[in-house]
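This is entry22.cif (mmCIF, C-alpha atoms and all ligand atoms).
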data_model
#
loop_
_atom_site.label_atom_id
_atom_site.label_comp_id
_atom_site.auth_asym_id
_atom_site.auth_seq_id
_atom_site.Cartn_x
_atom_site.Cartn_y
_atom_site.Cartn_z
CA MET A 192 20.28 -83.53 26.10
CA THR A 193 20.08 -79.75 26.52
CA VAL A 194 22.84 -78.36 28.70
CA THR A 195 22.56 -74.76 29.79
CA ILE A 196 25.36 -72.73 31.28
CA THR A 197 24.13 -73.40 34.82
CA ASP A 198 24.29 -77.17 34.17
CA LEU A 199 27.95 -76.92 33.17
CA THR A 200 29.93 -77.92 36.24
CA GLY A 201 33.33 -79.43 37.02
CA LEU A 202 35.72 -79.98 34.11
CA PRO A 203 33.23 -79.25 31.30
CA ARG A 204 32.76 -75.77 32.78
CA THR A 205 36.42 -74.94 32.16
CA LEU A 206 35.65 -74.73 28.44
CA LEU A 207 34.12 -71.31 29.17
CA PHE A 208 37.46 -69.98 30.43
CA THR A 209 39.49 -70.85 27.34
CA LEU A 210 36.71 -69.64 25.03
CA ARG A 211 36.74 -66.29 26.83
CA ALA A 212 40.53 -66.09 26.57
CA ARG A 213 40.43 -66.59 22.80
CA ALA A 214 37.53 -64.17 22.38
CA GLU A 215 39.39 -61.47 24.34
CA GLU A 216 42.55 -62.11 22.34
CA HIS A 217 40.58 -61.63 19.13
CA GLY A 218 39.40 -58.24 20.42
CA ARG A 219 42.95 -56.91 20.94
CA SER A 220 44.61 -54.57 18.45
CA ALA A 221 47.48 -56.93 17.55
CA PRO A 222 46.12 -60.34 18.50
CA ILE A 223 48.26 -63.47 18.78
CA ILE A 224 45.39 -65.38 17.20
CA SER A 225 42.44 -64.11 15.26
CA ASP A 226 39.30 -65.96 16.35
CA PRO A 227 36.05 -64.32 15.24
CA LEU A 228 33.99 -67.43 15.97
CA ALA A 229 35.18 -67.54 19.59
CA ALA A 230 34.21 -63.87 19.93
CA GLU A 231 30.77 -64.61 18.50
CA TRP A 232 30.14 -67.62 20.74
CA HIS A 233 31.47 -65.86 23.82
CA GLY A 234 29.13 -62.95 23.09
CA ARG A 235 26.18 -65.36 23.27
CA ILE A 236 27.13 -66.61 26.73
CA PRO A 237 25.66 -64.75 29.71
CA PRO A 238 28.23 -63.25 32.13
CA THR A 239 29.37 -65.95 34.50
CA PRO A 240 31.82 -65.93 37.43
CA MET A 241 35.23 -67.38 36.54
CA GLU A 242 37.26 -67.55 39.73
CA VAL A 243 40.49 -68.69 38.11
CA TYR A 244 40.41 -66.30 35.17
CA THR A 245 43.27 -63.78 35.16
CA ALA A 246 45.21 -61.78 32.57
CA VAL A 247 47.99 -64.37 32.86
CA PHE A 248 45.55 -67.20 32.14
CA GLN A 249 44.22 -65.23 29.16
CA LEU A 250 47.68 -64.73 27.66
CA GLY A 251 48.84 -68.28 28.35
CA THR A 252 45.73 -69.66 26.66
CA ALA A 253 46.20 -67.45 23.59
CA VAL A 254 49.87 -68.40 23.20
CA ARG A 255 49.01 -72.06 23.61
CA ALA A 256 46.25 -71.86 20.97
CA HIS A 257 48.73 -70.21 18.60
CA LEU A 258 51.25 -73.03 19.15
CA TYR A 259 48.66 -75.74 18.50
CA ASP A 260 47.50 -73.94 15.36
CA GLN A 261 51.08 -74.02 14.10
CA ILE A 262 51.38 -77.72 14.91
CA ALA A 263 48.08 -78.50 13.18
CA ARG A 264 48.97 -76.45 10.09
CA GLN A 265 52.31 -78.24 9.72
CA PHE A 266 50.61 -81.61 10.10
CA ILE A 267 47.91 -80.87 7.53
CA HIS A 268 50.52 -79.52 5.15
CA ALA A 269 52.55 -82.74 5.38
CA ARG A 270 49.47 -85.01 5.34
CA PRO A 271 46.60 -83.39 3.44
CA ARG A 272 44.15 -86.24 4.11
CA SER A 273 44.72 -86.17 7.81
CA LEU A 274 42.38 -86.46 10.76
CA ILE A 275 42.66 -84.11 13.73
CA VAL A 276 41.06 -85.36 16.94
CA GLU A 277 40.69 -82.74 19.66
CA LEU A 278 40.70 -84.55 23.00
CA GLY A 279 38.80 -82.40 25.48
CA ALA A 280 37.71 -80.11 22.65
CA GLY A 281 35.38 -77.89 24.66
CA LEU A 282 34.31 -75.05 22.37
CA SER A 283 37.49 -75.28 20.31
CA THR A 284 37.25 -73.07 17.22
CA ARG A 285 40.42 -74.40 15.61
CA PHE A 286 38.51 -76.02 12.75
CA ASP A 287 37.23 -72.54 11.82
CA ARG A 288 40.62 -70.88 12.36
CA LEU A 289 42.33 -73.36 10.03
CA ASN A 290 39.60 -73.34 7.45
CA ASP A 291 41.50 -70.86 5.31
CA TYR A 292 43.99 -73.62 4.75
CA PRO A 293 44.29 -74.48 1.03
CA THR A 294 44.11 -78.23 1.51
CA ASN A 295 40.62 -78.87 2.69
CA ASP A 296 40.67 -82.65 2.73
CA TYR A 297 41.45 -83.06 6.40
CA GLN A 298 38.72 -83.81 8.95
CA THR A 299 38.32 -82.84 12.57
CA ILE A 300 36.61 -84.73 15.38
CA GLU A 301 35.78 -82.85 18.58
CA LEU A 302 35.83 -85.34 21.46
CA ASP A 303 34.66 -84.29 24.89
CA LEU A 304 32.54 -85.46 27.82
CA PRO A 305 28.81 -85.72 26.95
CA PRO A 306 27.72 -82.49 28.75
CA ALA A 307 30.43 -80.50 26.94
CA ILE A 308 29.40 -81.89 23.54
CA ALA A 309 25.72 -81.20 24.31
CA PHE A 310 26.68 -77.61 25.17
CA ARG A 311 28.73 -77.32 21.99
CA ARG A 312 25.74 -78.38 19.86
CA GLN A 313 23.98 -75.18 20.86
CA PHE A 314 26.66 -73.21 19.01
CA ASP A 315 27.93 -75.49 16.30
CA ALA A 316 26.60 -78.10 13.83
CA GLU A 317 28.34 -81.18 12.49
CA THR A 318 29.34 -81.47 8.83
CA ASP A 319 30.97 -84.25 6.81
CA ARG A 320 34.44 -82.97 7.72
CA HIS A 321 33.73 -81.82 11.25
CA THR A 322 32.03 -84.15 13.73
CA PHE A 323 31.54 -84.47 17.49
CA LEU A 324 32.22 -87.47 19.69
CA PRO A 325 30.76 -87.52 23.21
CA ALA A 326 33.08 -89.70 25.31
CA SER A 327 35.68 -89.59 28.00
CA MET A 328 39.11 -89.75 26.37
CA THR A 329 40.02 -92.57 28.78
CA ASP A 330 36.99 -94.65 27.78
CA PRO A 331 38.19 -97.71 25.80
CA GLY A 332 35.12 -97.51 23.51
CA TRP A 333 35.81 -94.37 21.47
CA PRO A 334 38.77 -95.51 19.31
CA ALA A 335 36.47 -97.91 17.44
CA GLN A 336 34.29 -94.95 16.45
CA LEU A 337 37.04 -93.20 14.51
CA PRO A 338 37.07 -93.53 10.70
CA ALA A 339 39.55 -96.03 9.26
CA ILE A 340 42.55 -93.76 8.69
CA PRO A 341 46.20 -94.83 9.00
CA PRO A 342 47.51 -93.74 12.43
CA GLU A 343 50.36 -91.79 10.77
CA ASP A 344 47.68 -89.47 9.37
CA ILE A 345 46.12 -88.77 12.76
CA LEU A 346 47.01 -85.82 15.00
CA PHE A 347 45.55 -85.85 18.50
CA ILE A 348 45.45 -82.47 20.22
CA ALA A 349 44.85 -82.31 23.98
CA GLU A 350 44.86 -78.57 24.67
CA GLY A 351 44.55 -77.30 28.22
CA VAL A 352 43.20 -80.52 29.62
CA LEU A 353 45.63 -83.29 30.58
CA PHE A 354 46.88 -81.58 33.73
CA PHE A 355 43.35 -81.83 35.13
CA LEU A 356 43.48 -85.64 35.03
CA PRO A 357 45.02 -87.79 37.78
CA PRO A 358 48.24 -89.62 36.79
CA ASP A 359 46.51 -93.04 36.59
CA GLU A 360 44.08 -91.66 33.99
CA ILE A 361 46.99 -90.17 32.04
CA ALA A 362 48.60 -93.61 31.96
CA ARG A 363 45.29 -95.15 30.83
CA LEU A 364 44.91 -92.58 28.04
CA PHE A 365 48.38 -93.11 26.61
CA THR A 366 48.02 -96.89 26.86
CA LEU A 367 44.79 -96.60 24.86
CA LEU A 368 46.41 -94.38 22.22
CA ARG A 369 49.36 -96.71 21.96
CA ARG A 370 47.17 -99.79 21.56
CA HIS A 371 44.95 -98.32 18.85
CA PHE A 372 47.06 -95.65 17.11
CA PRO A 373 50.76 -96.58 17.10
CA GLY A 374 52.60 -94.16 14.84
CA ALA A 375 50.07 -91.34 15.34
CA THR A 376 51.12 -87.90 16.59
CA VAL A 377 49.88 -86.36 19.81
CA ALA A 378 50.28 -82.74 20.87
CA PHE A 379 49.51 -81.76 24.45
CA ASP A 380 50.53 -79.32 27.12
CA VAL A 381 52.24 -80.56 30.19
CA LEU A 382 52.99 -78.72 33.43
CA THR A 383 56.30 -79.22 35.16
CA ASN A 384 56.82 -79.14 38.91
CA ARG A 385 58.03 -75.55 38.45
CA PHE A 386 54.63 -74.37 37.21
CA SER A 387 53.22 -71.30 39.01
CA PRO A 388 52.26 -72.16 42.63
CA LYS A 389 49.78 -69.26 42.51
CA ALA A 390 47.86 -70.69 39.56
CA ARG A 391 47.95 -74.16 41.10
CA ALA A 392 46.51 -72.83 44.36
CA ALA A 393 43.76 -70.98 42.49
CA PHE A 394 42.65 -74.16 40.71
CA ALA A 395 43.10 -76.26 43.87
CA ALA A 396 40.49 -74.08 45.56
CA THR A 397 37.92 -75.09 42.90
CA ASP A 398 36.43 -78.45 41.92
CA THR A 399 38.95 -78.68 39.06
CA PRO A 400 42.40 -79.00 40.68
CA MET A 401 45.47 -79.53 38.52
CA GLN A 402 46.64 -83.09 39.12
CA TRP A 403 49.29 -84.12 36.60
CA PHE A 404 52.81 -82.66 36.70
CA VAL A 405 56.13 -83.95 35.41
CA GLU A 406 59.68 -83.20 36.44
CA ASN A 407 60.79 -82.73 32.83
CA GLU A 408 60.10 -83.98 29.31
CA ALA A 409 62.14 -87.14 29.89
CA ASP A 410 59.26 -88.29 32.13
CA LEU A 411 57.09 -88.65 29.03
CA ALA A 412 59.05 -91.63 27.69
CA GLN A 413 57.35 -93.89 30.26
CA TYR A 414 54.07 -93.40 28.34
CA GLY A 415 55.52 -94.68 25.07
CA LEU A 416 55.95 -91.18 23.66
CA ALA A 417 58.88 -89.99 21.58
CA VAL A 418 58.90 -86.21 21.97
CA GLN A 419 59.68 -84.53 18.65
CA GLU A 420 59.31 -80.90 19.60
CA SER A 421 58.53 -78.86 22.68
CA ARG A 422 57.87 -75.15 23.15
CA VAL A 423 57.57 -73.25 26.41
CA VAL A 424 54.48 -71.03 26.49
CA THR A 425 56.16 -68.24 28.49
CA HIS A 426 59.13 -68.04 26.09
CA LEU A 427 56.99 -66.67 23.27
CA PHE A 428 55.63 -63.12 22.87
CA PRO A 429 57.96 -61.64 25.54
CA LYS A 430 56.51 -58.12 25.18
CA ARG A 431 53.09 -59.38 26.17
CA TRP A 432 54.49 -61.12 29.28
CA ALA A 433 56.49 -58.02 30.16
CA ALA A 434 53.30 -55.92 29.91
CA LEU A 435 51.84 -58.15 32.65
CA GLY A 436 54.80 -57.36 34.92
CA PHE A 437 56.96 -60.44 34.28
CA ASP A 438 60.73 -60.26 34.20
CA VAL A 439 61.32 -61.69 30.74
CA ALA A 440 64.93 -62.70 31.45
CA ARG A 441 63.73 -64.81 34.39
CA LEU A 442 60.89 -66.30 32.36
CA LYS A 443 63.38 -67.35 29.69
CA VAL A 444 65.21 -69.70 32.06
CA GLY A 445 62.01 -71.22 33.50
CA LYS A 446 59.93 -74.00 32.04
CA GLY A 447 56.49 -74.36 33.62
CA ASN A 448 54.02 -74.90 30.79
CA VAL A 449 55.31 -76.88 27.83
CA VAL A 450 53.50 -77.75 24.60
CA ALA A 451 54.93 -81.04 23.39
CA THR A 452 54.48 -82.87 20.11
CA ALA A 453 55.23 -86.58 20.30
CA ARG A 454 55.02 -89.69 18.17
CA ILE A 455 53.13 -92.55 19.79
CA ASP A 456 55.46 -95.56 19.84
CA ARG A 457 54.65 -98.56 17.71
C1 LIG B 501 39.99 -76.04 29.77
S1 LIG B 501 38.86 -76.87 28.71
C2 LIG B 501 39.79 -76.79 27.19
C3 LIG B 501 38.91 -76.86 26.01
C4 LIG B 501 39.64 -76.70 24.67
N1 LIG B 501 40.62 -77.74 24.47
C5 LIG B 501 40.29 -75.34 24.58
O1 LIG B 501 41.50 -75.26 24.66
O2 LIG B 501 39.54 -74.36 24.45
C6 LIG B 501 39.05 -78.61 29.17
C7 LIG B 501 38.07 -79.52 28.43
O3 LIG B 501 38.47 -80.87 28.66
C8 LIG B 501 37.29 -81.65 28.79
N2 LIG B 501 37.61 -82.90 29.50
C9 LIG B 501 38.02 -83.03 30.78
N3 LIG B 501 38.20 -84.33 31.07
C10 LIG B 501 37.90 -85.03 29.95
C11 LIG B 501 37.89 -86.41 29.63
N4 LIG B 501 38.23 -87.35 30.52
N5 LIG B 501 37.55 -86.78 28.38
C12 LIG B 501 37.20 -85.84 27.46
N6 LIG B 501 37.19 -84.51 27.72
C13 LIG B 501 37.53 -84.11 28.94
C14 LIG B 501 36.35 -80.73 29.55
O4 LIG B 501 35.01 -81.17 29.46
C15 LIG B 501 36.62 -79.39 28.88
O5 LIG B 501 35.79 -79.18 27.77
#

Can I see the file as structure tokens?
Amino acid sequence: MTVTITDLTGLPRTLLFTLRARAEEHGRSAPIISDPLAAEWHGRIPPTPMEVYTAVFQLGTAVRAHLYDQIARQFIHARPRSLIVELGAGLSTRFDRLNDYPTNDYQTIELDLPPAIAFRRQFDAETDRHTFLPASMTDPGWPAQLPAIPPEDILFIAEGVLFFLPPDEIARLFTLLRRHFPGATVAFDVLTNRFSPKARAAFAATDTPMQWFVENEADLAQYGLAVQESRVVTHLFPKRWAALGFDVARLKVGKGNVVATARIDR
């Protein structure tokens, strides 16, 4: 299947936005993340309208990528033979960003909807340690396609995606993870009911509305998740938020976009 940029619609199209955010971050003088591959891939993509793309989206995406990189590095350090599965991988370049890591025994699987994986293949090729899995993350068929690795050695990363799914699909996803991978770790970002009404309205006006919100982290227990760590995206890199006109003291007391790391209950 060849998927061109004009064929990319709905949720798979959102992968262009986060790629652009990482590419632009890489081009800054003191970047939060360095991501030469994202810059290269983004440079190969023809200019395309991105209605929801703003400087705030760009910064939030870069901070989030930085947080997930930290989580992945810690995991690989503790479990050198680990497997990282990116759920809704899009054009994630994390495998390349972490490739300087001394322990090179871990593997990465990029899971995404078939059109997104077909698009990815135009930029990236599979290797023994880095493979692609075309599937919906809520499809009960994909867990059987993972290599036989103890769940404790698996880190699932769902970056910038779960809030696009309706709550019933979120429940189905976590039920699936719990059934097949008890004891695994999952890192994901979750929006609280206090998340920016402006950003919500911008996405609501497109075919990719944000659909999943929680009141607070305690809401995650219902999915069989034991939250181990959570970081608020707008609490990091205060100078960058201030440069966009935010009152940092006010940001500090708010909690709209949280990156959580949780253990999947046994
Ligand atoms: C905003 S992009 C984020 C991509 C990547 N994680 C990143 O941060 O650059 C959201 C991605 O989630 C994927 N996605 C949405 N729903 C999905 C589903 N049910 N199963 C797998 N992937 C999904 C989309 O195709 C898209 O590539």

**OP:** Write as a PyMOL selection string the residues around ligand LIG 501 (chain B), taking 9 Å as the cut-off and counting all atoms listed in the file.
**Re:** chain A and resi 201-213+252+255-256+277-285+302-308+325-330+348-353+355-356+360+364

Original post:
Using only C-alpha atoms, which residues sit within 9 Å of Ala214 in chain A once same-chain residues fewer than 3 positions away are excluded, as a ChimeraX atom specification?
Top reply: /A:209-211,217-218,225-234

**OP:** Find the residue from A:Leu258, A:Ile196, A:Ala451, A:Ala335 that sits nearest to Glu420 in chain A; use only C-alpha atoms when measuring.
**Re:**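 Among A:Leu258, A:Ile196, A:Ala451, A:Ala335, it is A:Ala451 that comes nearest to Glu420 in chain A.
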
Original post:
Between A:Val243, A:Ile236, A:Leu382, A:Leu274, which is the closest to Val424 in chain A once you count all atoms listed in the file?
Top reply: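 The answer is A:Leu382, which sits nearest to Val424 in chain A.
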
Subject >> Nearby residues, (25.0, -71.9, 33.4) file frame, 10 Å, only C-alpha atoms, as JSON, numbers by chain >> reply: {"A": [194, 195, 196, 197, 198, 199, 200, 204, 236, 237, 238, 239, 240]}

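Between CA of Ala417 in chain A and CA of Ala453 in chain A lies a distance of 5.2 Å.
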
**OP:** Could you check how far CA of Gly447 in chain A sits from CA of Asp398 in chain A, in Å to one decimal?
**Re:** 22.1 Å

Enumerate, in order of chain and increasing residue number, the residues of range 193-226 of chain A with an atom no farther than 12 Å from range 427-431 of chain A, each with its shortest atom pair and distance in Å to one decimal, counting only C-alpha atoms, as a Markdown table.
| residue | atom | partner | partner_atom | distance |
| --- | --- | --- | --- | --- |
| A:Glu216 | CA | A:Arg431 | CA | 11.5 |
| A:Arg219 | CA | A:Arg431 | CA | 11.7 |
| A:Ala221 | CA | A:Arg431 | CA | 10.6 |
| A:Pro222 | CA | A:Arg431 | CA | 10.4 |
| A:Ile223 | CA | A:Phe428 | CA | 8.4 |
| A:Ile224 | CA | A:Phe428 | CA | 11.9 |

**OP:** Go ahead and find all residues with at least one atom no further than 12 Å from (52.4, -80.4, 11.4) in the file's coordinates, using only C-alpha atoms; report them as a ChimeraX atom specification.
**Re:** /A:258-271,273-275,343-348,375-378,419-420,452-454

Original post:
Which residue gives the smallest distance to Arg272 in chain A among A:Asp315, A:Ile340, A:His257, A:Leu411, with only C-alpha atoms counted?
Top reply: A:Ile340

**OP:** For CA of Glu301 in chain A and CA of Glu317 in chain A, quote the distance in Å rounded to one decimal.
**Re:**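 The value is 9.8 Å.
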
Please complete range 311-342 of chain A so it has N, CA and C atoms, and hand it over as a PDB file, in the coordinates of the input.
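Now in result_32.pdb:
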ATOM      1  N   ARG A 311      28.170 -77.751  23.279  1.00  0.00           N
ATOM      2  CA  ARG A 311      28.730 -77.320  21.990  1.00  0.00           C
ATOM      3  C   ARG A 311      27.655 -77.291  20.885  1.00  0.00           C
ATOM      4  N   ARG A 312      26.757 -78.273  20.919  1.00  0.00           N
ATOM      5  CA  ARG A 312      25.740 -78.380  19.860  1.00  0.00           C
ATOM      6  C   ARG A 312      24.832 -77.150  19.809  1.00  0.00           C
ATOM      7  N   GLN A 313      24.803 -76.390  20.877  1.00  0.00           N
ATOM      8  CA  GLN A 313      23.980 -75.180  20.860  1.00  0.00           C
ATOM      9  C   GLN A 313      24.640 -74.044  20.075  1.00  0.00           C
ATOM     10  N   PHE A 314      25.929 -74.237  19.741  1.00  0.00           N
ATOM     11  CA  PHE A 314      26.660 -73.210  19.010  1.00  0.00           C
ATOM     12  C   PHE A 314      27.057 -73.673  17.611  1.00  0.00           C
ATOM     13  N   ASP A 315      27.241 -74.969  17.475  1.00  0.00           N
ATOM     14  CA  ASP A 315      27.930 -75.490  16.300  1.00  0.00           C
ATOM     15  C   ASP A 315      27.193 -76.716  15.769  1.00  0.00           C
ATOM     16  N   ALA A 316      27.251 -76.931  14.442  1.00  0.00           N
ATOM     17  CA  ALA A 316      26.600 -78.100  13.830  1.00  0.00           C
ATOM     18  C   ALA A 316      27.641 -78.962  13.143  1.00  0.00           C
ATOM     19  N   GLU A 317      27.394 -80.265  13.133  1.00  0.00           N
ATOM     20  CA  GLU A 317      28.340 -81.180  12.490  1.00  0.00           C
ATOM     21  C   GLU A 317      28.225 -81.082  10.966  1.00  0.00           C
ATOM     22  N   THR A 318      29.336 -81.360  10.307  1.00  0.00           N
ATOM     23  CA  THR A 318      29.340 -81.470   8.830  1.00  0.00           C
ATOM     24  C   THR A 318      30.098 -82.750   8.497  1.00  0.00           C
ATOM     25  N   ASP A 319      30.237 -83.039   7.203  1.00  0.00           N
ATOM     26  CA  ASP A 319      30.970 -84.250   6.810  1.00  0.00           C
ATOM     27  C   ASP A 319      32.388 -84.245   7.358  1.00  0.00           C
ATOM     28  N   ARG A 320      33.023 -83.063   7.343  1.00  0.00           N
ATOM     29  CA  ARG A 320      34.440 -82.970   7.720  1.00  0.00           C
ATOM     30  C   ARG A 320      34.659 -82.581   9.162  1.00  0.00           C
ATOM     31  N   HIS A 321      33.577 -82.357   9.895  1.00  0.00           N
ATOM     32  CA  HIS A 321      33.730 -81.820  11.250  1.00  0.00           C
ATOM     33  C   HIS A 321      32.644 -82.427  12.133  1.00  0.00           C
ATOM     34  N   THR A 322      33.034 -83.410  12.958  1.00  0.00           N
ATOM     35  CA  THR A 322      32.030 -84.150  13.730  1.00  0.00           C
ATOM     36  C   THR A 322      32.370 -84.129  15.226  1.00  0.00           C
ATOM     37  N   PHE A 323      31.394 -84.524  16.035  1.00  0.00           N
ATOM     38  CA  PHE A 323      31.540 -84.470  17.490  1.00  0.00           C
ATOM     39  C   PHE A 323      31.439 -85.867  18.065  1.00  0.00           C
ATOM     40  N   LEU A 324      32.209 -86.135  19.079  1.00  0.00           N
ATOM     41  CA  LEU A 324      32.220 -87.470  19.690  1.00  0.00           C
ATOM     42  C   LEU A 324      32.106 -87.335  21.209  1.00  0.00           C
ATOM     43  N   PRO A 325      30.907 -87.618  21.762  1.00  0.00           N
ATOM     44  CA  PRO A 325      30.760 -87.520  23.210  1.00  0.00           C
ATOM     45  C   PRO A 325      31.340 -88.751  23.908  1.00  0.00           C
ATOM     46  N   ALA A 326      32.420 -88.580  24.618  1.00  0.00           N
ATOM     47  CA  ALA A 326      33.080 -89.700  25.310  1.00  0.00           C
ATOM     48  C   ALA A 326      34.138 -89.144  26.235  1.00  0.00           C
ATOM     49  N   SER A 327      34.483 -89.938  27.241  1.00  0.00           N
ATOM     50  CA  SER A 327      35.680 -89.590  28.000  1.00  0.00           C
ATOM     51  C   SER A 327      36.880 -90.101  27.200  1.00  0.00           C
ATOM     52  N   MET A 328      37.940 -89.321  27.143  1.00  0.00           N
ATOM     53  CA  MET A 328      39.110 -89.750  26.370  1.00  0.00           C
ATOM     54  C   MET A 328      39.752 -91.015  26.941  1.00  0.00           C
ATOM     55  N   THR A 329      39.446 -91.347  28.192  1.00  0.00           N
ATOM     56  CA  THR A 329      40.020 -92.570  28.780  1.00  0.00           C
ATOM     57  C   THR A 329      39.087 -93.770  28.632  1.00  0.00           C
ATOM     58  N   ASP A 330      37.941 -93.561  27.996  1.00  0.00           N
ATOM     59  CA  ASP A 330      36.990 -94.650  27.780  1.00  0.00           C
ATOM     60  C   ASP A 330      37.490 -95.548  26.643  1.00  0.00           C
ATOM     61  N   PRO A 331      37.636 -96.865  26.868  1.00  0.00           N
ATOM     62  CA  PRO A 331      38.190 -97.710  25.800  1.00  0.00           C
ATOM     63  C   PRO A 331      37.287 -97.855  24.576  1.00  0.00           C
ATOM     64  N   GLY A 332      36.065 -97.325  24.624  1.00  0.00           N
ATOM     65  CA  GLY A 332      35.120 -97.510  23.510  1.00  0.00           C
ATOM     66  C   GLY A 332      35.298 -96.555  22.341  1.00  0.00           C
ATOM     67  N   TRP A 333      35.857 -95.352  22.563  1.00  0.00           N
ATOM     68  CA  TRP A 333      35.810 -94.370  21.470  1.00  0.00           C
ATOM     69  C   TRP A 333      36.742 -94.663  20.290  1.00  0.00           C
ATOM     70  N   PRO A 334      37.907 -95.318  20.486  1.00  0.00           N
ATOM     71  CA  PRO A 334      38.770 -95.510  19.310  1.00  0.00           C
ATOM     72  C   PRO A 334      38.057 -96.241  18.163  1.00  0.00           C
ATOM     73  N   ALA A 335      37.160 -97.173  18.497  1.00  0.00           N
ATOM     74  CA  ALA A 335      36.470 -97.910  17.440  1.00  0.00           C
ATOM     75  C   ALA A 335      35.529 -97.022  16.645  1.00  0.00           C
ATOM     76  N   GLN A 336      35.220 -95.840  17.152  1.00  0.00           N
ATOM     77  CA  GLN A 336      34.290 -94.950  16.450  1.00  0.00           C
ATOM     78  C   GLN A 336      34.992 -93.996  15.479  1.00  0.00           C
ATOM     79  N   LEU A 337      36.320 -94.072  15.442  1.00  0.00           N
ATOM     80  CA  LEU A 337      37.040 -93.200  14.510  1.00  0.00           C
ATOM     81  C   LEU A 337      37.003 -93.806  13.103  1.00  0.00           C
ATOM     82  N   PRO A 338      37.031 -92.979  12.063  1.00  0.00           N
ATOM     83  CA  PRO A 338      37.070 -93.530  10.700  1.00  0.00           C
ATOM     84  C   PRO A 338      38.379 -94.301  10.483  1.00  0.00           C
ATOM     85  N   ALA A 339      38.352 -95.215   9.516  1.00  0.00           N
ATOM     86  CA  ALA A 339      39.550 -96.030   9.260  1.00  0.00           C
ATOM     87  C   ALA A 339      40.572 -95.194   8.505  1.00  0.00           C
ATOM     88  N   ILE A 340      41.492 -94.615   9.247  1.00  0.00           N
ATOM     89  CA  ILE A 340      42.550 -93.760   8.690  1.00  0.00           C
ATOM     90  C   ILE A 340      43.870 -94.256   9.257  1.00  0.00           C
ATOM     91  N   PRO A 341      44.931 -94.358   8.445  1.00  0.00           N
ATOM     92  CA  PRO A 341      46.200 -94.830   9.000  1.00  0.00           C
ATOM     93  C   PRO A 341      46.643 -93.946  10.164  1.00  0.00           C
ATOM     94  N   PRO A 342      47.129 -94.538  11.260  1.00  0.00           N
ATOM     95  CA  PRO A 342      47.510 -93.740  12.430  1.00  0.00           C
ATOM     96  C   PRO A 342      48.492 -92.619  12.096  1.00  0.00           C
TER      97      PRO A 342
END
